[in-house]
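Text of the file start-v3.cif, holding mmCIF, C-alpha atoms:
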```cif
data_upload
#
loop_
_atom_site.group_PDB
_atom_site.id
_atom_site.type_symbol
_atom_site.label_atom_id
_atom_site.label_comp_id
_atom_site.auth_asym_id
_atom_site.auth_seq_id
_atom_site.Cartn_x
_atom_site.Cartn_y
_atom_site.Cartn_z
ATOM 1 C CA MET A 18 65.780 -7.526 50.514
ATOM 2 C CA ASN A 19 63.815 -9.481 53.128
ATOM 3 C CA LYS A 20 60.357 -8.133 52.393
ATOM 4 C CA ILE A 21 58.517 -7.617 49.140
ATOM 5 C CA ILE A 22 58.445 -3.921 48.308
ATOM 6 C CA LYS A 23 56.451 -2.176 45.614
ATOM 7 C CA ILE A 24 57.413 1.145 44.003
ATOM 8 C CA ALA A 25 54.926 2.974 41.764
ATOM 9 C CA LEU A 26 55.902 5.605 39.209
ATOM 10 C CA ASP A 27 53.077 7.370 37.378
ATOM 11 C CA GLY A 28 53.068 10.207 34.907
ATOM 12 C CA PRO A 29 52.287 11.268 31.337
ATOM 13 C CA SER A 30 53.906 9.876 28.202
ATOM 14 C CA GLY A 31 57.559 10.828 27.739
ATOM 15 C CA SER A 32 58.082 12.141 31.266
ATOM 16 C CA GLY A 33 61.011 9.801 31.841
ATOM 17 C CA LYS A 34 59.292 7.449 34.281
ATOM 18 C CA SER A 35 60.291 4.305 32.367
ATOM 19 C CA THR A 36 63.946 5.345 32.295
ATOM 20 C CA ILE A 37 63.890 6.072 36.025
ATOM 21 C CA ALA A 38 62.018 2.848 36.776
ATOM 22 C CA LYS A 39 64.686 0.824 34.977
ATOM 23 C CA ALA A 40 67.478 2.678 36.777
ATOM 24 C CA LEU A 41 65.740 2.140 40.124
ATOM 25 C CA SER A 42 65.364 -1.579 39.512
ATOM 26 C CA GLU A 43 69.076 -1.872 38.745
ATOM 27 C CA LYS A 44 70.109 0.164 41.769
ATOM 28 C CA LEU A 45 67.836 -1.688 44.187
ATOM 29 C CA LYS A 46 68.301 -5.085 42.499
ATOM 30 C CA ILE A 47 64.556 -5.587 42.102
ATOM 31 C CA LEU A 48 62.313 -6.359 39.139
ATOM 32 C CA TYR A 49 61.218 -3.683 36.672
ATOM 33 C CA LEU A 50 57.810 -4.383 35.149
ATOM 34 C CA ASP A 51 57.188 -2.279 32.036
ATOM 35 C CA THR A 52 53.392 -2.013 32.160
ATOM 36 C CA GLY A 53 53.306 0.247 29.113
ATOM 37 C CA ALA A 54 54.780 -2.560 27.026
ATOM 38 C CA MET A 55 51.855 -4.753 28.034
ATOM 39 C CA TYR A 56 49.302 -2.243 26.734
ATOM 40 C CA ARG A 57 51.332 -1.739 23.576
ATOM 41 C CA ALA A 58 51.256 -5.499 23.000
ATOM 42 C CA VAL A 59 47.461 -5.491 23.301
ATOM 43 C CA ALA A 60 47.333 -2.627 20.786
ATOM 44 C CA LEU A 61 49.543 -4.572 18.389
ATOM 45 C CA LYS A 62 47.251 -7.585 18.771
ATOM 46 C CA ALA A 63 44.252 -5.410 17.856
ATOM 47 C CA ILE A 64 46.066 -4.053 14.805
ATOM 48 C CA LYS A 65 46.929 -7.581 13.683
ATOM 49 C CA CYS A 66 43.304 -8.651 14.142
ATOM 50 C CA GLY A 67 42.004 -5.611 12.267
ATOM 51 C CA VAL A 68 40.157 -4.381 15.365
ATOM 52 C CA ASP A 69 39.723 -0.672 16.041
ATOM 53 C CA PRO A 70 41.456 0.101 19.393
ATOM 54 C CA PHE A 71 38.339 2.022 20.497
ATOM 55 C CA ASP A 72 36.035 -0.942 19.698
ATOM 56 C CA GLU A 73 35.557 -2.584 23.088
ATOM 57 C CA GLU A 74 33.332 -5.360 21.744
ATOM 58 C CA GLY A 75 35.962 -6.190 19.137
ATOM 59 C CA VAL A 76 38.763 -6.191 21.718
ATOM 60 C CA LYS A 77 36.723 -8.445 23.999
ATOM 61 C CA THR A 78 36.924 -11.173 21.349
ATOM 62 C CA PHE A 79 40.614 -11.733 22.142
ATOM 63 C CA ILE A 80 41.571 -10.022 25.415
ATOM 64 C CA ASP A 81 40.595 -12.810 27.842
ATOM 65 C CA ASP A 82 42.665 -15.398 25.995
ATOM 66 C CA ILE A 83 45.501 -13.160 24.820
ATOM 67 C CA ASP A 84 48.812 -15.014 24.608
ATOM 68 C CA LEU A 85 50.978 -12.374 26.270
ATOM 69 C CA LYS A 86 54.058 -13.210 28.294
ATOM 70 C CA ILE A 87 56.692 -11.057 29.948
ATOM 71 C CA LYS A 88 60.188 -12.535 30.039
ATOM 72 C CA TYR A 89 63.420 -11.201 31.489
ATOM 73 C CA GLU A 90 66.622 -11.859 29.593
ATOM 74 C CA ASN A 91 70.024 -10.360 30.358
ATOM 75 C CA GLY A 92 68.460 -7.809 32.691
ATOM 76 C CA SER A 93 65.871 -6.518 30.225
ATOM 77 C CA GLN A 94 62.190 -7.198 29.682
ATOM 78 C CA ARG A 95 61.070 -8.974 26.518
ATOM 79 C CA THR A 96 57.443 -8.817 25.435
ATOM 80 C CA ILE A 97 56.201 -12.018 23.813
ATOM 81 C CA LEU A 98 52.918 -11.941 21.874
ATOM 82 C CA ASP A 99 51.587 -15.134 20.285
ATOM 83 C CA GLY A 100 55.016 -16.685 20.715
ATOM 84 C CA GLU A 101 56.812 -13.810 18.931
ATOM 85 C CA ASP A 102 59.205 -11.326 20.538
ATOM 86 C CA VAL A 103 57.553 -7.984 19.705
ATOM 87 C CA SER A 104 59.718 -5.814 21.975
ATOM 88 C CA GLY A 105 60.763 -3.700 18.972
ATOM 89 C CA LYS A 106 57.479 -3.624 17.086
ATOM 90 C CA ILE A 107 55.495 -2.254 20.016
ATOM 91 C CA ARG A 108 57.675 0.897 20.046
ATOM 92 C CA GLU A 109 56.639 1.998 16.555
ATOM 93 C CA PRO A 110 54.685 5.314 16.494
ATOM 94 C CA HIS A 111 51.389 3.903 15.174
ATOM 95 C CA VAL A 112 51.387 1.271 17.937
ATOM 96 C CA SER A 113 52.040 3.954 20.567
ATOM 97 C CA MET A 114 48.934 5.894 19.556
ATOM 98 C CA ALA A 115 46.818 2.742 19.378
ATOM 99 C CA ALA A 116 48.055 1.802 22.867
ATOM 100 C CA SER A 117 46.800 5.107 24.256
ATOM 101 C CA ASN A 118 43.380 4.426 22.754
ATOM 102 C CA ILE A 119 43.069 0.768 23.706
ATOM 103 C CA SER A 120 44.269 1.327 27.278
ATOM 104 C CA SER A 121 41.119 3.384 27.911
ATOM 105 C CA LEU A 122 38.973 0.254 27.555
ATOM 106 C CA LYS A 123 37.842 -1.257 30.842
ATOM 107 C CA CYS A 124 38.178 -4.859 29.655
ATOM 108 C CA VAL A 125 41.834 -4.231 28.728
ATOM 109 C CA ARG A 126 42.742 -2.506 31.966
ATOM 110 C CA LEU A 127 41.101 -5.197 34.090
ATOM 111 C CA LYS A 128 43.050 -7.926 32.305
ATOM 112 C CA MET A 129 46.391 -6.106 32.487
ATOM 113 C CA VAL A 130 45.898 -5.089 36.132
ATOM 114 C CA GLU A 131 45.141 -8.706 37.013
ATOM 115 C CA MET A 132 48.459 -9.745 35.470
ATOM 116 C CA GLN A 133 50.398 -6.864 37.065
ATOM 117 C CA ARG A 134 49.049 -7.427 40.584
ATOM 118 C CA LYS A 135 49.914 -11.115 40.419
ATOM 119 C CA ILE A 136 53.528 -10.341 39.501
ATOM 120 C CA ALA A 137 53.804 -7.634 42.191
ATOM 121 C CA SER A 138 52.482 -10.009 44.867
ATOM 122 C CA GLU A 139 55.269 -12.476 44.204
ATOM 123 C CA ILE A 140 58.402 -10.349 43.974
ATOM 124 C CA SER A 141 59.764 -6.891 44.865
ATOM 125 C CA CYS A 142 59.326 -4.642 41.865
ATOM 126 C CA VAL A 143 59.029 -1.162 40.431
ATOM 127 C CA LEU A 144 56.148 -0.430 38.071
ATOM 128 C CA ASP A 145 55.534 2.592 35.894
ATOM 129 C CA GLY A 146 52.356 3.660 34.133
ATOM 130 C CA ARG A 147 49.394 6.019 34.402
ATOM 131 C CA ASP A 148 47.466 4.544 37.326
ATOM 132 C CA ILE A 149 49.905 2.361 39.265
ATOM 133 C CA GLY A 150 49.757 4.257 42.560
ATOM 134 C CA SER A 151 46.113 5.281 42.232
ATOM 135 C CA TYR A 152 44.620 1.962 41.098
ATOM 136 C CA VAL A 153 46.944 -0.936 40.305
ATOM 137 C CA LEU A 154 48.966 -0.847 43.549
ATOM 138 C CA PRO A 155 47.238 1.653 45.848
ATOM 139 C CA ASN A 156 49.180 0.244 48.814
ATOM 140 C CA ALA A 157 52.604 0.562 47.176
ATOM 141 C CA ASP A 158 55.408 1.335 49.628
ATOM 142 C CA TYR A 159 56.549 4.338 47.567
ATOM 143 C CA LYS A 160 54.627 6.412 45.032
ATOM 144 C CA PHE A 161 56.024 8.999 42.625
ATOM 145 C CA PHE A 162 54.466 11.166 39.908
ATOM 146 C CA ILE A 163 57.043 11.894 37.210
ATOM 147 C CA THR A 164 56.159 14.735 34.841
ATOM 148 C CA ALA A 165 57.649 17.222 32.329
ATOM 149 C CA SER A 166 56.421 19.866 29.874
ATOM 150 C CA ALA A 167 54.885 18.756 26.553
ATOM 151 C CA ASP A 168 57.723 20.391 24.594
ATOM 152 C CA VAL A 169 60.394 18.538 26.543
ATOM 153 C CA ARG A 170 58.567 15.234 26.232
ATOM 154 C CA ALA A 171 58.080 15.672 22.483
ATOM 155 C CA LYS A 172 61.788 16.464 22.057
ATOM 156 C CA ARG A 173 62.767 13.334 23.958
ATOM 157 C CA ARG A 174 60.479 11.224 21.797
ATOM 158 C CA PHE A 175 61.781 12.911 18.641
ATOM 159 C CA ASP A 176 65.395 12.150 19.589
ATOM 160 C CA GLU A 177 64.554 8.562 20.527
ATOM 161 C CA LEU A 178 62.760 7.785 17.264
ATOM 162 C CA SER A 179 65.293 9.647 15.112
ATOM 163 C CA ALA A 180 68.102 7.632 16.671
ATOM 164 C CA LYS A 181 66.282 4.467 15.603
ATOM 165 C CA GLY A 182 66.035 5.684 12.023
ATOM 166 C CA HIS A 183 62.363 6.736 12.041
ATOM 167 C CA LYS A 184 61.438 9.877 10.091
ATOM 168 C CA VAL A 185 59.245 11.924 12.399
ATOM 169 C CA ASP A 186 57.893 15.462 12.610
ATOM 170 C CA PHE A 187 58.390 17.287 15.912
ATOM 171 C CA GLU A 188 55.116 19.230 15.808
ATOM 172 C CA GLU A 189 53.177 16.076 14.943
ATOM 173 C CA LEU A 190 54.811 14.274 17.860
ATOM 174 C CA LYS A 191 53.898 17.122 20.184
ATOM 175 C CA LYS A 192 50.269 16.978 19.017
ATOM 176 C CA GLU A 193 50.217 13.235 19.670
ATOM 177 C CA ILE A 194 51.688 13.731 23.160
ATOM 178 C CA ILE A 195 49.033 16.319 24.017
ATOM 179 C CA GLN A 196 46.311 14.049 22.629
ATOM 180 C CA ARG A 197 47.629 11.109 24.651
ATOM 181 C CA ASP A 198 47.616 13.286 27.779
ATOM 182 C CA TYR A 199 43.970 14.117 27.105
ATOM 183 C CA ASN A 200 43.058 10.485 26.416
ATOM 184 C CA ASP A 201 44.845 9.233 29.517
ATOM 185 C CA SER A 202 43.446 11.903 31.833
ATOM 186 C CA ASN A 203 39.868 11.761 30.572
ATOM 187 C CA ARG A 204 39.203 8.080 30.137
ATOM 188 C CA GLU A 205 36.234 6.901 32.142
ATOM 189 C CA PHE A 206 37.920 3.990 33.895
ATOM 190 C CA SER A 207 41.094 4.471 35.954
ATOM 191 C CA PRO A 208 42.428 7.682 34.347
ATOM 192 C CA LEU A 209 45.873 9.218 34.719
ATOM 193 C CA VAL A 210 45.731 10.976 38.065
ATOM 194 C CA LYS A 211 48.225 12.141 40.649
ATOM 195 C CA SER A 212 47.313 10.369 43.886
ATOM 196 C CA LYS A 213 47.307 12.485 47.033
ATOM 197 C CA ASP A 214 50.027 10.439 48.725
ATOM 198 C CA CYS A 215 52.560 10.514 45.875
ATOM 199 C CA ILE A 216 55.682 12.650 45.471
ATOM 200 C CA GLU A 217 55.741 14.778 42.300
ATOM 201 C CA ILE A 218 59.017 15.320 40.423
ATOM 202 C CA ASP A 219 59.190 17.580 37.349
ATOM 203 C CA THR A 220 62.010 16.280 35.152
ATOM 204 C CA SER A 221 61.889 19.053 32.516
ATOM 205 C CA SER A 222 65.271 20.508 33.442
ATOM 206 C CA MET A 223 66.782 17.493 35.200
ATOM 207 C CA THR A 224 69.253 14.843 34.079
ATOM 208 C CA ILE A 225 68.497 11.159 34.581
ATOM 209 C CA GLU A 226 71.027 11.057 37.418
ATOM 210 C CA GLN A 227 69.394 14.021 39.154
ATOM 211 C CA VAL A 228 65.940 12.464 38.936
ATOM 212 C CA LEU A 229 67.239 9.131 40.216
ATOM 213 C CA ASP A 230 68.954 10.851 43.135
ATOM 214 C CA ALA A 231 65.741 12.718 43.942
ATOM 215 C CA VAL A 232 63.714 9.507 43.960
ATOM 216 C CA MET A 233 66.314 7.606 45.970
ATOM 217 C CA SER A 234 66.350 10.333 48.615
ATOM 218 C CA TYR A 235 62.836 9.239 49.619
ATOM 219 C CA ILE A 236 63.495 5.489 49.615
ATOM 220 C CA LYS A 237 64.786 4.006 52.849
#
```
Rendering of file as C-alpha cells:
Amino acid sequence: MNKIIKIALDGPSGSGKSTIAKALSEKLKILYLDTGAMYRAVALKAIKCGVDPFDEEGVKTFIDDIDLKIKYENGSQRTILDGEDVSGKIREPHVSMAASNISSLKCVRLKMVEMQRKIASEISCVLDGRDIGSYVLPNADYKFFITASADVRAKRRFDELSAKGHKVDFEELKKEIIQRDYNDSNREFSPLVKSKDCIEIDTSSMTIEQVLDAVMSYIK
C-alpha cells in the first residue's frame, strides 16, 4: 500500500473486535496493534508491584518509565514487560479485571496513547480498543464499532478460557463483563463511546467470516 492507512475498531470486551482486527491485518497485509495487551501489561506490572489498579498515585510511580515493548514474531504480537514475554500471563482472568480498572486512570491512558500514536504514524495498521476512533486516532481512515450482547460475549470468554484449561463460572464471567462495560463507559477520561462517524456491527449472531466480510465491504 502506498499510503499509511489507519483502521480503528472499538467496542466492549468480548465483542470480537480483536479477532476481526487480526483477520483484517492479515487480509490487508498491514500491522495489527493489540492495544488491549498494552493495558493488560500495565495491570500486570501493578500487580507485581503490589499497587492497587485504582491507585493513580501508586501507578504514577512506575508508568512513565515502564519497560514495555511490543514485538512481532511469526505474524503475531508478543508483549514484553521488564524483558519477559508476558503474552500468556496477561490473558489470565485476574489480570483482565485489573486491566479494566487501571485503564481508567488518566496517567495510564496518556502513556499508552502516546505509544500507540507513534506506532500508527509510522506504518499502516489496524487498532482495536475502547477509544481508538474517538480519541486515540480520531482521524482514522476507517472506524468501526464492534458489539454483541453480554450473554454472547460471556459465552465466548467462557469457551476461550475453558479451552486453555481455566476453571471458570459462566455467571461470574457475565458479571465481570457487565462490570467492565460499566467501568469502560463511565470512566472520567476517554470512556468507551461510539463515535458519530463510525460504522456499528453487532456480531451476536454472526460468524467471524461474516463480520470480516461486512467490515471489508466498507474498505476501499
- What's the 12 Å shell around A:Glu90, counting all atoms listed in the file, without same-chain residues fewer than 3 positions away, as a ChimeraX atom specification? /A:48,87,93-97,102,104
- Message: Which residues would end up in the selection if the PyMOL selection byres ((chain A and resi 26) around 7) were applied here, given that I need the answer as a count of residues only?
- Response: 13
- Evaluate the PyMOL selection byres ((chain A and resi 64-80) around 12) and record the selected residues as an NGL selection string, following the chain and residue labels used in the document. :A and (55-63 or 81-85 or 98-99 or 106-107 or 111-129 or 200 or 204)
- What gap, in Å, lies between atom CA of A:Gly100 and atom CA of A:Gly31?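 Those two atoms sit 28.5 Å apart.
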- Message: When the PyMOL selection byres ((chain A and resi 223) around 12) is applied to the structure above, which residues does it catch, written out as a PyMOL selection string?
- Response: chain A and resi 32-33+37+163-166+169+218-222+224-231
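Restricting the calculation to all atoms listed in the file, the smallest distance between A:Ser42 and any of A:Asp148, A:Ile21, A:Cys142, A:Lys184 is found for A:Cys142.
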- Task: Go through A:Gly105, A:Tyr159, A:Lys211, A:Pro110 one by one, measure the shortest atom-to-atom distance of each to A:Leu190 using all atoms listed in the file, and give the residue with the smallest value.
- Result: A:Pro110
Spatial neighbours of A:Glu139, 12 Å, only C-alpha atoms, chain gap at least 2 places, as a CSV table (one decimal) with C-alpha atoms, in the coordinates of the input:
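File part_36.csv, as written:
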```
chain,number,residue,atom,x,y,z
A,20,LYS,CA,60.4,-8.1,52.4
A,21,ILE,CA,58.5,-7.6,49.1
A,22,ILE,CA,58.4,-3.9,48.3
A,23,LYS,CA,56.5,-2.2,45.6
A,47,ILE,CA,64.6,-5.6,42.1
A,48,LEU,CA,62.3,-6.4,39.1
A,132,MET,CA,48.5,-9.7,35.5
A,133,GLN,CA,50.4,-6.9,37.1
A,134,ARG,CA,49.0,-7.4,40.6
A,135,LYS,CA,49.9,-11.1,40.4
A,136,ILE,CA,53.5,-10.3,39.5
A,137,ALA,CA,53.8,-7.6,42.2
A,141,SER,CA,59.8,-6.9,44.9
A,142,CYS,CA,59.3,-4.6,41.9
```
Which residues, written as an mmCIF file with C-alpha atoms, in the coordinates of the input, have at least one atom at most 12 Å from A:Ser179, with all atoms listed in the file counted and residues fewer than 6 positions away on the same chain left out?
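So selection-v1.cif came out as:
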```
data_model
loop_
_atom_site.group_PDB
_atom_site.id
_atom_site.type_symbol
_atom_site.label_atom_id
_atom_site.label_comp_id
_atom_site.auth_asym_id
_atom_site.auth_seq_id
_atom_site.Cartn_x
_atom_site.Cartn_y
_atom_site.Cartn_z
ATOM 1 C CA GLU A 109 56.639 1.998 16.555
ATOM 2 C CA PRO A 110 54.685 5.314 16.494
ATOM 3 C CA ALA A 171 58.080 15.672 22.483
ATOM 4 C CA LYS A 172 61.788 16.464 22.057
ATOM 5 C CA ARG A 173 62.767 13.334 23.958
ATOM 6 C CA VAL A 185 59.245 11.924 12.399
ATOM 7 C CA ASP A 186 57.893 15.462 12.610
ATOM 8 C CA PHE A 187 58.390 17.287 15.912
ATOM 9 C CA LEU A 190 54.811 14.274 17.860
#
```
- Mind pulling up the distance from atom CA of A:Ile194 to atom CA of A:Leu154?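 Calculated distance between atom CA of A:Leu154 and atom CA of A:Ile194 is 25.2 Å.
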- Item | Atomic separation - atom CA of A:Val210 relative to atom CA of A:Glu43, Å |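 Atom-to-atom, atom CA of A:Glu43 and atom CA of A:Val210 are spaced 26.7 Å apart.
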- Item | Residue nearest A:Tyr199 - candidates A:Lys39, A:Asp214, A:Ala167, A:Ile236, atoms counted: all atoms listed in the file |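 Looking at the shortest contact to A:Tyr199, the residue is A:Ala167.
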